[in-house]
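Q: What follows is a single structure, and I will ask about it in a moment.
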Amino acid sequence: MRVYVPLTLSGLAEAHKSGELGAGPLDAYAVTPALREWYVSDDIEELEYAALNRAAQASLRQLAGNPQAARRRVVVAVDVPEGVAVADPDRALDESALGQVRLAGPVPLTTAAAVHVDADDAEPDVAAAAAALGAADQGDDDAQFTVDGAQDHDLMWFGVQEIPHLLA
């Protein structure tokens, strides 16, 4: 099962150093039944793209909570056995939790299939979005417009072997 783990560049550096994506439990995103129903598509590539975007939003939240982190969203795509990623059934209809799954234990970086990272030119929009996130959560339409501006940037795809280059 493909799962998308939201990180920051500093989180990616820690994962690269330790060889695992945190000690767990980890929040991640995947194609869940609720995401399928919400997205109304049978195209697995579209559904995985939706899960990736949900993880990118979670990465933005991590950036908002860490002002020292480089203003680039990071998502690591990992392959885990079926049943390892578990969705909370009590939150299945909660739109903010669409696609969210929990990984109970550490995830070895060797299970990573790819890393998705913002391009350098996205940094100003991502920085503005991270700064505006709190106001957007409170219903400020202008702030939401700023947050949505980060979503206009597609994350770039990198092979796992390119992690050292991303961190340089």
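Naming scheme: A, B, ... for chains in displayed order of the structure tokens; residues 1 onward per chain; ligands 1 onward as shown.
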Give me, as a ChimeraX atom specification, all polymer residues having an atom no more than 6 Å from range 18-27 of chain A, counting only C-alpha atoms and skipping those fewer than 5 positions away in the same chain.
A: /A:101-109
Q: If you keep C-alpha atoms, can you produce a file of those selected residues as a PDB file, in the first residue's frame?
A:
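Result file result_25.pdb:
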ATOM      1  CA  VAL A 101      -3.961   7.015   8.302  1.00  0.00           C
ATOM      2  CA  ARG A 102      -1.793   6.140  11.273  1.00  0.00           C
ATOM      3  CA  LEU A 103       1.387   4.092  11.124  1.00  0.00           C
ATOM      4  CA  ALA A 104       1.961   2.525  14.543  1.00  0.00           C
ATOM      5  CA  GLY A 105       5.691   1.957  14.401  1.00  0.00           C
ATOM      6  CA  PRO A 106       8.786   3.313  12.746  1.00  0.00           C
ATOM      7  CA  VAL A 107       8.925   3.257   8.962  1.00  0.00           C
ATOM      8  CA  PRO A 108      12.320   2.324   7.495  1.00  0.00           C
ATOM      9  CA  LEU A 109      13.509   4.812   4.894  1.00  0.00           C
TER      10      LEU A 109
END
Q: Write out, as JSON lines, each residue of range 87-118 of chain A that has an atom at most 6 Å from range 132-156 of chain A, together with the closest pair of atoms and their distance in Å to one decimal, counting only C-alpha atoms, rows going by chain and rising number.
A:
{"residue": "A:His116", "atom": "CA", "partner": "A:Met156", "partner_atom": "CA", "distance": 5.2}
{"residue": "A:Val117", "atom": "CA", "partner": "A:Leu155", "partner_atom": "CA", "distance": 5.0}
{"residue": "A:Asp118", "atom": "CA", "partner": "A:Leu155", "partner_atom": "CA", "distance": 4.7}
Q: Just N, CA and C atoms for this one: save the residues we selected as a compact mmCIF listing (two decimals), in the first residue's frame.
A:
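The new file part_23.txt reads:
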# COMPACT_ATOMS: atom_id res chain seq x y z
N HIS A 116 8.85 13.83 -2.52
CA HIS A 116 8.22 14.96 -3.23
C HIS A 116 8.53 16.23 -2.45
N VAL A 117 9.07 17.24 -3.13
CA VAL A 117 9.52 18.46 -2.46
C VAL A 117 9.17 19.66 -3.34
N ASP A 118 8.83 20.77 -2.68
CA ASP A 118 8.61 22.02 -3.41
C ASP A 118 9.89 22.47 -4.10
Q: Using only C-alpha atoms for the distances, tell me which of A:Ala113, A:Ala130, A:Leu35, A:Val84 is nearest to Asn53 in chain A.
A: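 Using only C-alpha atoms, Asn53 in chain A sits closest to A:Leu35.
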Q: Might you pull out every residue within 7 Å of Arg2 in chain A, with only C-alpha atoms counted and same-chain residues fewer than 3 positions away left off, and present them as a VMD selection string?
A: chain A and resid 30 77 to 80
Q: Could you check how far CA of Asp88 in chain A sits from CA of Val160 in chain A, in Å to one decimal?
A: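 Between these atoms lies a distance of 29.2 Å.
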Q: Enumerate the residues of range 74-148 of chain A with a DSSP assignment of strand (DSSP E), computed from the backbone, and present them as an MDAnalysis selection string.
A: chainID A and resid 74:79 85:86 100:103 112:117
Q: Using N, CA and C atoms, can you export the residues from the last selection as a PDB file, in the first residue's frame?
A:
ATOM      1  N   VAL A  74       7.495  18.841   2.148  1.00  0.00           N
ATOM      2  CA  VAL A  74       8.155  17.569   1.839  1.00  0.00           C
ATOM      3  C   VAL A  74       7.175  16.442   2.133  1.00  0.00           C
ATOM      4  N   VAL A  75       7.062  15.516   1.194  1.00  0.00           N
ATOM      5  CA  VAL A  75       6.242  14.318   1.385  1.00  0.00           C
ATOM      6  C   VAL A  75       7.057  13.124   0.907  1.00  0.00           C
ATOM      7  N   VAL A  76       7.146  12.103   1.760  1.00  0.00           N
ATOM      8  CA  VAL A  76       7.849  10.877   1.387  1.00  0.00           C
ATOM      9  C   VAL A  76       6.808   9.803   1.095  1.00  0.00           C
ATOM     10  N   ALA A  77       6.868   9.245  -0.105  1.00  0.00           N
ATOM     11  CA  ALA A  77       5.976   8.155  -0.498  1.00  0.00           C
ATOM     12  C   ALA A  77       6.637   6.838  -0.097  1.00  0.00           C
ATOM     13  N   VAL A  78       5.943   6.056   0.727  1.00  0.00           N
ATOM     14  CA  VAL A  78       6.483   4.780   1.177  1.00  0.00           C
ATOM     15  C   VAL A  78       5.494   3.667   0.868  1.00  0.00           C
ATOM     16  N   ASP A  79       6.013   2.486   0.702  1.00  0.00           N
ATOM     17  CA  ASP A  79       5.179   1.309   0.485  1.00  0.00           C
ATOM     18  C   ASP A  79       5.206   0.475   1.754  1.00  0.00           C
ATOM     19  N   ALA A  85      -1.107   0.622   7.708  1.00  0.00           N
ATOM     20  CA  ALA A  85      -1.668   1.973   7.746  1.00  0.00           C
ATOM     21  C   ALA A  85      -3.156   1.848   8.070  1.00  0.00           C
ATOM     22  N   VAL A  86      -3.566   2.442   9.191  1.00  0.00           N
ATOM     23  CA  VAL A  86      -4.932   2.275   9.669  1.00  0.00           C
ATOM     24  C   VAL A  86      -5.629   3.633   9.733  1.00  0.00           C
ATOM     25  N   GLN A 100      -6.415  10.325   5.867  1.00  0.00           N
ATOM     26  CA  GLN A 100      -5.452  10.228   6.957  1.00  0.00           C
ATOM     27  C   GLN A 100      -5.409   8.809   7.506  1.00  0.00           C
ATOM     28  N   VAL A 101      -4.192   8.331   7.709  1.00  0.00           N
ATOM     29  CA  VAL A 101      -3.961   7.015   8.302  1.00  0.00           C
ATOM     30  C   VAL A 101      -2.893   7.157   9.375  1.00  0.00           C
ATOM     31  N   ARG A 102      -2.795   6.151  10.210  1.00  0.00           N
ATOM     32  CA  ARG A 102      -1.793   6.140  11.273  1.00  0.00           C
ATOM     33  C   ARG A 102      -0.901   4.922  11.073  1.00  0.00           C
ATOM     34  N   LEU A 103       0.393   5.158  11.174  1.00  0.00           N
ATOM     35  CA  LEU A 103       1.387   4.092  11.124  1.00  0.00           C
ATOM     36  C   LEU A 103       1.892   3.913  12.549  1.00  0.00           C
ATOM     37  N   ALA A 112      10.863   3.670   1.234  1.00  0.00           N
ATOM     38  CA  ALA A 112      10.463   4.852   0.472  1.00  0.00           C
ATOM     39  C   ALA A 112      10.591   4.582  -1.023  1.00  0.00           C
ATOM     40  N   ALA A 113       9.571   5.020  -1.743  1.00  0.00           N
ATOM     41  CA  ALA A 113       9.563   4.894  -3.197  1.00  0.00           C
ATOM     42  C   ALA A 113      10.014   6.183  -3.867  1.00  0.00           C
ATOM     43  N   ALA A 114       9.728   7.321  -3.227  1.00  0.00           N
ATOM     44  CA  ALA A 114      10.065   8.625  -3.799  1.00  0.00           C
ATOM     45  C   ALA A 114       9.936   9.692  -2.728  1.00  0.00           C
ATOM     46  N   VAL A 115      10.500  10.834  -3.033  1.00  0.00           N
ATOM     47  CA  VAL A 115      10.379  12.009  -2.175  1.00  0.00           C
ATOM     48  C   VAL A 115       9.817  13.128  -3.046  1.00  0.00           C
ATOM     49  N   HIS A 116       8.848  13.834  -2.521  1.00  0.00           N
ATOM     50  CA  HIS A 116       8.221  14.957  -3.229  1.00  0.00           C
ATOM     51  C   HIS A 116       8.528  16.227  -2.445  1.00  0.00           C
ATOM     52  N   VAL A 117       9.072  17.237  -3.128  1.00  0.00           N
ATOM     53  CA  VAL A 117       9.516  18.464  -2.464  1.00  0.00           C
ATOM     54  C   VAL A 117       9.165  19.660  -3.340  1.00  0.00           C
TER      55      VAL A 117
END
Q: Within 8 Å of range 54-57 of chain A, counting only C-alpha atoms, which residues show up once you throw out same-chain ones fewer than 2 positions away? Write them as a list of chain:residue names, please.
A: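 Final neighbour list, sorted by chain and number: A:Tyr4, A:Val5, A:Pro6, A:Ala28, A:Tyr29, A:Ala50, A:Ala51, A:Leu52, A:Ser59, A:Leu60, A:Arg61, A:Arg73, A:Val74, A:Val75, A:Leu98, A:Gly99.
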Q: Would you save the residues of that selection, restricted to C-alpha atoms, as an mmCIF file, in the first residue's frame?
A:
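File produced: selection24.cif:
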data_model
loop_
_atom_site.group_PDB
_atom_site.id
_atom_site.type_symbol
_atom_site.label_atom_id
_atom_site.label_comp_id
_atom_site.auth_asym_id
_atom_site.auth_seq_id
_atom_site.Cartn_x
_atom_site.Cartn_y
_atom_site.Cartn_z
ATOM 1 C CA TYR A 4 2.395 9.563 1.928
ATOM 2 C CA VAL A 5 4.254 10.827 5.006
ATOM 3 C CA PRO A 6 4.377 14.615 5.483
ATOM 4 C CA ALA A 28 0.282 9.812 6.945
ATOM 5 C CA TYR A 29 -2.134 9.836 4.013
ATOM 6 C CA ALA A 50 -5.259 13.526 -3.926
ATOM 7 C CA ALA A 51 -3.613 11.646 -1.011
ATOM 8 C CA LEU A 52 -0.262 13.256 -1.883
ATOM 9 C CA SER A 59 3.515 19.293 5.693
ATOM 10 C CA LEU A 60 2.427 22.933 5.462
ATOM 11 C CA ARG A 61 0.940 22.595 8.963
ATOM 12 C CA ARG A 73 6.829 21.136 1.806
ATOM 13 C CA VAL A 74 8.155 17.569 1.839
ATOM 14 C CA VAL A 75 6.242 14.318 1.385
ATOM 15 C CA LEU A 98 -9.852 12.448 4.537
ATOM 16 C CA GLY A 99 -7.127 10.018 3.565
#
Q: Pull the alpha helix (DSSP H) assignments for range 19-99 of chain A out of DSSP run on the backbone, and list those residues as a list in words.
A: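 Matching residues, listed in order: Pro33, Ala34, Leu35, Arg36, Glu37, Trp38, Tyr39, Ile44, Glu45, Glu46, Leu47, Glu48, Tyr49, Ala50, Ala51, Leu52, Asn53, Arg54, Ala55, Ala56, Gln57, Ala58, Ser59, Leu60, Arg61, Gln62, Leu63 and Ala64 of chain A.
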Q: Expressed in Å to a single decimal, how great is the separation between CA of Glu123 in chain A and CA of Trp157 in chain A?
A: 16.4 Å
Q: What gap, in Å, lies between CA of Ala13 in chain A and CA of Ala168 in chain A?
A: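 Taking CA of Ala13 in chain A as the start and CA of Ala168 in chain A as the end point, the length is 9.8 Å.
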Q: For Ala69 in chain A, find every residue with an atom within 9 Å (counting only C-alpha atoms), except residues of its own chain fewer than 4 positions away, and show them as a list in words.
A: Thr8, Leu9, Ser10, Gln62, Leu63 and Ala64 of chain A
Q: Only N, CA and C atoms, please: the residues just picked out, written as an mmCIF file, in the first residue's frame.
A:
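So selection08.cif came out as:
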data_model
loop_
_atom_site.group_PDB
_atom_site.id
_atom_site.type_symbol
_atom_site.label_atom_id
_atom_site.label_comp_id
_atom_site.auth_asym_id
_atom_site.auth_seq_id
_atom_site.Cartn_x
_atom_site.Cartn_y
_atom_site.Cartn_z
ATOM 1 N N THR A 8 9.171 17.940 6.880
ATOM 2 C CA THR A 8 9.854 19.173 6.515
ATOM 3 C C THR A 8 11.242 18.747 6.025
ATOM 4 N N LEU A 9 12.012 19.688 5.496
ATOM 5 C CA LEU A 9 13.372 19.321 5.081
ATOM 6 C C LEU A 9 14.207 18.872 6.277
ATOM 7 N N SER A 10 14.019 19.514 7.436
ATOM 8 C CA SER A 10 14.770 19.076 8.620
ATOM 9 C C SER A 10 14.319 17.680 9.062
ATOM 10 N N GLN A 62 3.031 21.452 9.464
ATOM 11 C CA GLN A 62 4.275 21.260 10.211
ATOM 12 C C GLN A 62 5.167 22.492 10.080
ATOM 13 N N LEU A 63 5.208 23.066 8.878
ATOM 14 C CA LEU A 63 6.003 24.271 8.668
ATOM 15 C C LEU A 63 5.466 25.439 9.494
ATOM 16 N N ALA A 64 4.143 25.546 9.573
ATOM 17 C CA ALA A 64 3.536 26.625 10.351
ATOM 18 C C ALA A 64 3.921 26.516 11.825
#
